[in-house]
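Reading through the structure tokens given below for one structure.
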Amino acid sequence: MSLYFLCAVLFAIGVYCILTKRNLIKIIIGVGIMEYSLNLLFILVAYRMNSRSPIIDEEWLSGALPPITDPLPQALVITSIVIGLATKALLICLAMRLYEKYGTFDITEIRRLKG
Amino acid sequence: MNIIPFLIIVPLGAAFLTAVIGRKVKALGGAVANLAALALLAFSLVLALGGSGTLVYEVGGWAIPFGICMVVDGLSAFMLVTVNLVTLLVAVYSVNYMKRYTDRWQFYCLFMLMVAGMNGLIISGDLFNLFVFLEIAAIASYALVAFGTEREELEAAFKYAVMGTVASCFILLGIIFIYSSTSTLNLADISLALGDGPRGRLVGFVTILFLVGFGIKAALVPFHTWLPDAHPSAPAPISAMLSGVLIKTLGVYAMARIFFNIIGIDDTMLSILRAMAVVSMMVGVLLALGQWDFKRLLAYHSISQIGYVVLGIGLGTPLGILGGLFHLFNHSIFKSLLFLNSGAVVYETETRDLRELGGLNKRMPVTGTTSFIASMSIAGMPPFNGFWSKLLIIVACVQVGRYGCAVWAVAASILTLASFMKVQRYAFFGQLKEKWANVREVPFLMKTSMVALAAICVLGGLLLLPGLKSAFLDRATATLLQGREYAGAVMGSSDQEVTK
């Protein structure tokens with residue numbers, strides 16, 4: 001249970017980081033923390049304590065072995081990590097180009113758009 | 001041979017081809033994108049007009065619910081036609097317009113990836129697959145907003161990317177909770193696993209997560225803050241795609257599909273949707289009134305018009321949903337046209353400030369006339385298409401006794417008219433300013449695309465004629481009205497119509 005709670009804390013830290021930080025890089029780190037908390041949660045949801053890998057063989061069918069872990073979320077989390085990688089790579093590229101144009105990472109100074 | 005998977009294969013293949021060869025052969029990108037868009041429109045028309053009922057394609061031959069499936073029913077076919085029609089006309093327009101930019105192959109590559117993402121989202125019958133396609137379309141659109149790589153573009157793209165990622169996180173969190181409670185990802189199977197009983201707290205929480213996630217994607221007030229920055233900053237064809245179809249596919253379609261067909265909609269949910277819709281309608285149009293930047297003004301109107309679409313769908317009655325979906329189609333046509341008009345103005349004058357423009361009708365008659373038609377359509381003037389869909393929504397409001405909603409819808413429409421009178425007055429009518437004396441009409445392909453969209457604006461009302469209505473709009477409406485019988489339709493069709 002405490003692990004689920006820690007996931008929620010991690011998610012909250014990510015949101016806090018995005019909402020309050022003024023540095024572009026710190027905002028990107030916040031996005032990363034948020035995504036990792038979800039990946040962790042997804043793995044946790046499928047995990048069974050003292051379980052084994054999902055291979056169904058004679059031994060397991062005889063019923064002597066512990067329950068198996070759901071493998072599907074692990075496959076999904078890999079996809080989700082790759083999506084996160086693409087998003088963060090793009091965000092970092094944008095931050096680099098912004099630094100070239102403005103000479104700063106401070107979002108309070110990058111404010112050409114308003115209204 | 002089944003054509004459903006080709007809706008994804010064709011744009012992905014086009015993107016790949018452009019990425020590999022486009023750098024060397026300059027003209028290839030535009031040609032490939034246009035051919036791919038033409039093929040996609042043909043496929044979607046075949047699916048929309050040819051089939052009735054629900055078509056299911058099981059990827060790799062894995063039976064539902066174990067494998068990934070693609071589902072084309074009335075609503076999907078309707079959305080496919082809308083998306084691919086706009087895609088084709090935007091692709092035609094881009095050939096001339098994108099001459100302003102360098103590295104055009106990157107543009108066409110990202111453009112095709114975005115189209116692949118949208119088509120994939122529409123035909124996906126699997127919750128996680130839907131999320132993946134949503135991310136493909138979203139990430140391509142972040143990059144496209146930054147395509148100009150000037151200060152404003154980069155700033156808008158960063159803001160949009162962060163907001164978009166937060167939205168995706170909320171959607172993913174919702175998917176995790178759905179999976180943990182139903183142990184399945186197939187949309188039809190989730191619907192069956194949730195059962196018909198009363199909804200627990202978990203489903204309520206998931207509903208809120210999806211509402212926030214898809215609400216940000218659809219730019220409903222109060223989640224709209226990224227849109228007025230992101231949409232004007234993109235190159236004009238991309239603004240047309242973003243405002244025209246992306247926010248509807250990623251936001252409205254995904255929301256409608258999940259709430260109506262999977263979770264099942266109730267009165268509380270409908271009233272939340274209606275409230276958000278009315279607020280979006282008014283806030284969008286009021287903020288638009290004060291704008292002097294042509295494209296930014298159009299972006300605020302997108303927020304307002306999405307409000308109409310969601311209001312129609314949120315009424316939950318057959319007429320309301322019909323009006324909402326018809327307005328979705330109409331808005332994608334006239335808003336794309338308006339953004340293409342603004343692109344034509346920028347192409348010739350290099351400015352988007354309405355105060356600097358004036359009298360362009362004399363030098364650019366095609367742009368002027370088409371933008372007049374589009375302005376009258378968005379303001380709901382008869383006989384253009386926007387009038388019919390707004391009329392349907394307002395009549396539907398009155399029919400169920402929601403007089404308040406009807407009054408707000410009429411008020412927003414009048415303010416829209418006022419705002420577009422301003423655009424016409426400052427940009428196209430009046431005295432031609434001296435510095436624009438040498439402005440010429442835009443090149444042929446840009447004109448073709450704008451005239452085609454204007455023709456659809458004029459003739460759009462004909463879609464309500466009985467024969468066309470039953471083939472196109474009624475099927476889409478019926479899909480939403482059937483509610484959670486969607487599961488039965490998908491599962492049942494796997495006996496007869498499935499192709500492997």
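Numbering starts fresh at 1 for the residues of each chain in the structure tokens, the chains themselves are lettered A, B, ... in the order given, and ligands are numbered from 1 as they appear.
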
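For Met96 (chain A), the non-local neighbours within 12 Å, defined as residues at least 3 positions apart in the same chain or in other chains and counting only C-alpha atoms, are Leu24, Ile25, Ile28, Ala89, Leu90, Leu91, Ile92, Cys93, Tyr99, Glu100, Lys101, Tyr102, Gly103, Thr104 and Phe105 of chain A; Thr149, Arg151, Leu154, Glu155 and Phe158 of chain B.
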
Write to file, as a compact mmCIF listing (two decimals), in the first residue's frame, the residues of the selection just made, with C-alpha atoms.
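Now in again_28.txt:
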# COMPACT_ATOMS: atom_id res chain seq x y z
CA LEU A 24 12.82 25.21 -18.59
CA ILE A 25 15.11 22.30 -17.71
CA ILE A 28 11.29 19.05 -18.29
CA ALA A 89 13.90 14.64 -26.57
CA LEU A 90 11.61 17.10 -28.33
CA LEU A 91 11.23 19.25 -25.21
CA ILE A 92 14.99 19.40 -24.72
CA CYS A 93 15.50 20.35 -28.39
CA TYR A 99 18.26 29.26 -25.19
CA GLU A 100 19.87 30.17 -28.52
CA LYS A 101 17.18 32.80 -29.16
CA TYR A 102 16.70 34.27 -25.70
CA GLY A 103 19.97 33.47 -23.93
CA THR A 104 18.10 32.26 -20.84
CA PHE A 105 16.14 29.29 -19.49
CA THR B 149 11.93 28.00 -35.20
CA ARG B 151 11.05 33.02 -30.93
CA LEU B 154 9.47 27.91 -30.01
CA GLU B 155 7.81 29.46 -26.99
CA PHE B 158 7.22 24.45 -25.53

Using only C-alpha atoms, I'd like a table of the residues in chain A that come within 7 Å of chain B; for each, show the closest atom pair and its distance in Å rounded to one decimal, ordered by chain and ascending number, as a Markdown table.
| residue | atom | partner | partner_atom | distance |
| --- | --- | --- | --- | --- |
| A:Glu35 | CA | B:Cys169 | CA | 6.6 |
| A:Leu38 | CA | B:Leu173 | CA | 6.5 |
| A:Phe42 | CA | B:Ile176 | CA | 6.0 |
| A:Val45 | CA | B:Ser180 | CA | 6.2 |
| A:Thr87 | CA | B:Ile139 | CA | 6.6 |
| A:Leu91 | CA | B:Phe158 | CA | 6.6 |
| A:Leu94 | CA | B:Leu154 | CA | 6.3 |
| A:Leu98 | CA | B:Leu154 | CA | 6.3 |
| A:Lys101 | CA | B:Arg151 | CA | 6.4 |
| A:Arg112 | CA | B:Glu152 | CA | 6.3 |
| A:Leu113 | CA | B:Asp229 | CA | 6.7 |

With N, CA and C atoms retained, write the just-selected residues as an mmCIF file, in the first residue's frame.
data_model
loop_
_atom_site.group_PDB
_atom_site.id
_atom_site.type_symbol
_atom_site.label_atom_id
_atom_site.label_comp_id
_atom_site.auth_asym_id
_atom_site.auth_seq_id
_atom_site.Cartn_x
_atom_site.Cartn_y
_atom_site.Cartn_z
ATOM 1 N N GLU A 35 5.953 11.172 -15.591
ATOM 2 C CA GLU A 35 5.831 9.976 -16.420
ATOM 3 C C GLU A 35 6.352 8.738 -15.685
ATOM 4 N N LEU A 38 3.931 7.252 -13.254
ATOM 5 C CA LEU A 38 2.872 6.453 -13.889
ATOM 6 C C LEU A 38 3.401 5.086 -14.311
ATOM 7 N N PHE A 42 1.985 1.517 -13.030
ATOM 8 C CA PHE A 42 1.485 0.501 -13.948
ATOM 9 C C PHE A 42 2.127 -0.852 -13.648
ATOM 10 N N VAL A 45 0.643 -2.225 -10.349
ATOM 11 C CA VAL A 45 -0.726 -2.719 -10.453
ATOM 12 C C VAL A 45 -0.736 -4.193 -10.838
ATOM 13 N N THR A 87 8.968 12.479 -26.269
ATOM 14 C CA THR A 87 8.491 13.780 -25.796
ATOM 15 C C THR A 87 9.617 14.578 -25.182
ATOM 16 N N LEU A 91 11.242 18.123 -26.147
ATOM 17 C CA LEU A 91 11.228 19.253 -25.207
ATOM 18 C C LEU A 91 12.628 19.819 -25.022
ATOM 19 N N LEU A 94 13.636 21.835 -27.992
ATOM 20 C CA LEU A 94 12.981 23.149 -27.950
ATOM 21 C C LEU A 94 13.677 24.051 -26.943
ATOM 22 N N LEU A 98 15.378 27.577 -27.691
ATOM 23 C CA LEU A 98 14.936 28.760 -26.947
ATOM 24 C C LEU A 98 16.127 29.466 -26.320
ATOM 25 N N LYS A 101 17.884 31.569 -28.787
ATOM 26 C CA LYS A 101 17.183 32.798 -29.160
ATOM 27 C C LYS A 101 17.182 33.815 -28.029
ATOM 28 N N ARG A 112 6.859 36.349 -25.132
ATOM 29 C CA ARG A 112 6.492 37.204 -26.250
ATOM 30 C C ARG A 112 5.009 37.086 -26.553
ATOM 31 N N LEU A 113 4.404 35.975 -26.121
ATOM 32 C CA LEU A 113 3.012 35.717 -26.480
ATOM 33 C C LEU A 113 2.118 36.048 -25.303
#

Spatial neighbours of Ile43 (chain A), 12 Å, only C-alpha atoms, chain gap at least 4 places, as a ChimeraX atom specification: /A:3-4,7,36-39,47-48,69-78,80 /B:176,179-180

Contact table region 292-334 of chain B vs region 349-372 of chain B, cut-off 8 Å, shortest pair per residue, only C-alpha atoms, as a tab-separated table:
residue	atom	partner	partner_atom	distance
B:Trp292	CA	B:Leu354	CA	5.4
B:Asp293	CA	B:Asp353	CA	4.8
B:Phe294	CA	B:Arg352	CA	5.3
B:Lys295	CA	B:Arg352	CA	6.9

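The protein and nucleic acid residues lying at most 8 Å from Leu40 (chain B) are Leu7, Val10, Ala36, Ala37, Leu38, Ala42, Phe43, Ser44 and Asn84 of chain B, with only C-alpha atoms considered and sequence neighbours fewer than 2 positions away removed.
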
Give me, as JSON, numbers by chain, all polymer residues having an atom no more than 8 Å from region 410-425 of chain B, counting only C-alpha atoms and skipping those fewer than 6 positions away in the same chain. {"B": [281, 282, 285, 286, 288, 289, 294, 301, 304, 354, 358, 372, 375, 376, 378, 379, 380, 394]}

Write down as a ChimeraX atom specification the residues belonging to chain A that are assigned helix (DSSP H, G or I) by DSSP computed on the backbone. /A:2-20,24-46,58-61,72-102

Just checking: using only C-alpha atoms, which residue out of A:Met1, A:Asn23, A:Gly30, A:Ser53 ends up closest to Ala95 (chain A)? A:Asn23

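With CA of Ser389 (chain B) on one side and CA of Leu319 (chain B) on the other, the separation reads 10.3 Å.
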
Write out as number ranges by chain each polymer residue whose atoms come within 7 Å of Ile33 (chain A), counting only C-alpha atoms; drop sequence neighbours fewer than 4 positions from it. A: 10-11, 14, 29, 37

Would you export the selected residues with N, CA and C atoms as an mmCIF file, in the first residue's frame, please?
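Result saved to out-v4.cif:
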data_model
loop_
_atom_site.group_PDB
_atom_site.id
_atom_site.type_symbol
_atom_site.label_atom_id
_atom_site.label_comp_id
_atom_site.auth_asym_id
_atom_site.auth_seq_id
_atom_site.Cartn_x
_atom_site.Cartn_y
_atom_site.Cartn_z
ATOM 1 N N LEU A 10 5.186 10.874 -5.847
ATOM 2 C CA LEU A 10 6.061 11.171 -6.980
ATOM 3 C C LEU A 10 5.305 11.962 -8.048
ATOM 4 N N PHE A 11 4.059 11.531 -8.315
ATOM 5 C CA PHE A 11 3.225 12.231 -9.301
ATOM 6 C C PHE A 11 3.016 13.680 -8.869
ATOM 7 N N GLY A 14 6.011 15.780 -9.459
ATOM 8 C CA GLY A 14 6.110 16.144 -10.872
ATOM 9 C C GLY A 14 5.211 17.315 -11.203
ATOM 10 N N ILE A 29 12.332 18.156 -16.264
ATOM 11 C CA ILE A 29 12.554 17.114 -15.262
ATOM 12 C C ILE A 29 11.234 16.772 -14.567
ATOM 13 N N SER A 37 6.406 8.179 -12.496
ATOM 14 C CA SER A 37 5.499 7.739 -11.449
ATOM 15 C C SER A 37 4.383 6.882 -12.049
#

Residue set, region 122-315 of chain B restricted to strand (DSSP E or B), as an MDAnalysis selection string: chainID B and resid 124 126 186 293

Close residues, region 333-336 of chain B itself excluded, 6 Å, only C-alpha atoms, min 6 positions apart in chain, as a compact mmCIF listing (two decimals) with N, CA, C and O atoms, in the first residue's frame:
# COMPACT_ATOMS: atom_id res chain seq x y z
N ALA B 240 -4.41 25.10 -39.91
CA ALA B 240 -5.68 24.59 -40.42
C ALA B 240 -5.91 23.17 -39.96
O ALA B 240 -7.03 22.81 -39.57
N GLY B 244 -8.66 22.65 -37.39
CA GLY B 244 -9.70 21.99 -38.15
C GLY B 244 -10.01 20.60 -37.67
O GLY B 244 -11.17 20.25 -37.47
N ALA B 374 -16.34 31.95 -45.77
CA ALA B 374 -16.02 31.25 -44.53
C ALA B 374 -16.48 32.06 -43.33
O ALA B 374 -16.99 31.50 -42.35

Would you mind telling me which residue in B:Phe339, B:Phe214, B:Tyr253, B:Phe384 lies nearest to Leu480 (chain B) when using only C-alpha atoms? B:Tyr253

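Taking CA of Ser51 (chain A) and CA of Met34 (chain A) as endpoints, the distance between them is 27.6 Å.
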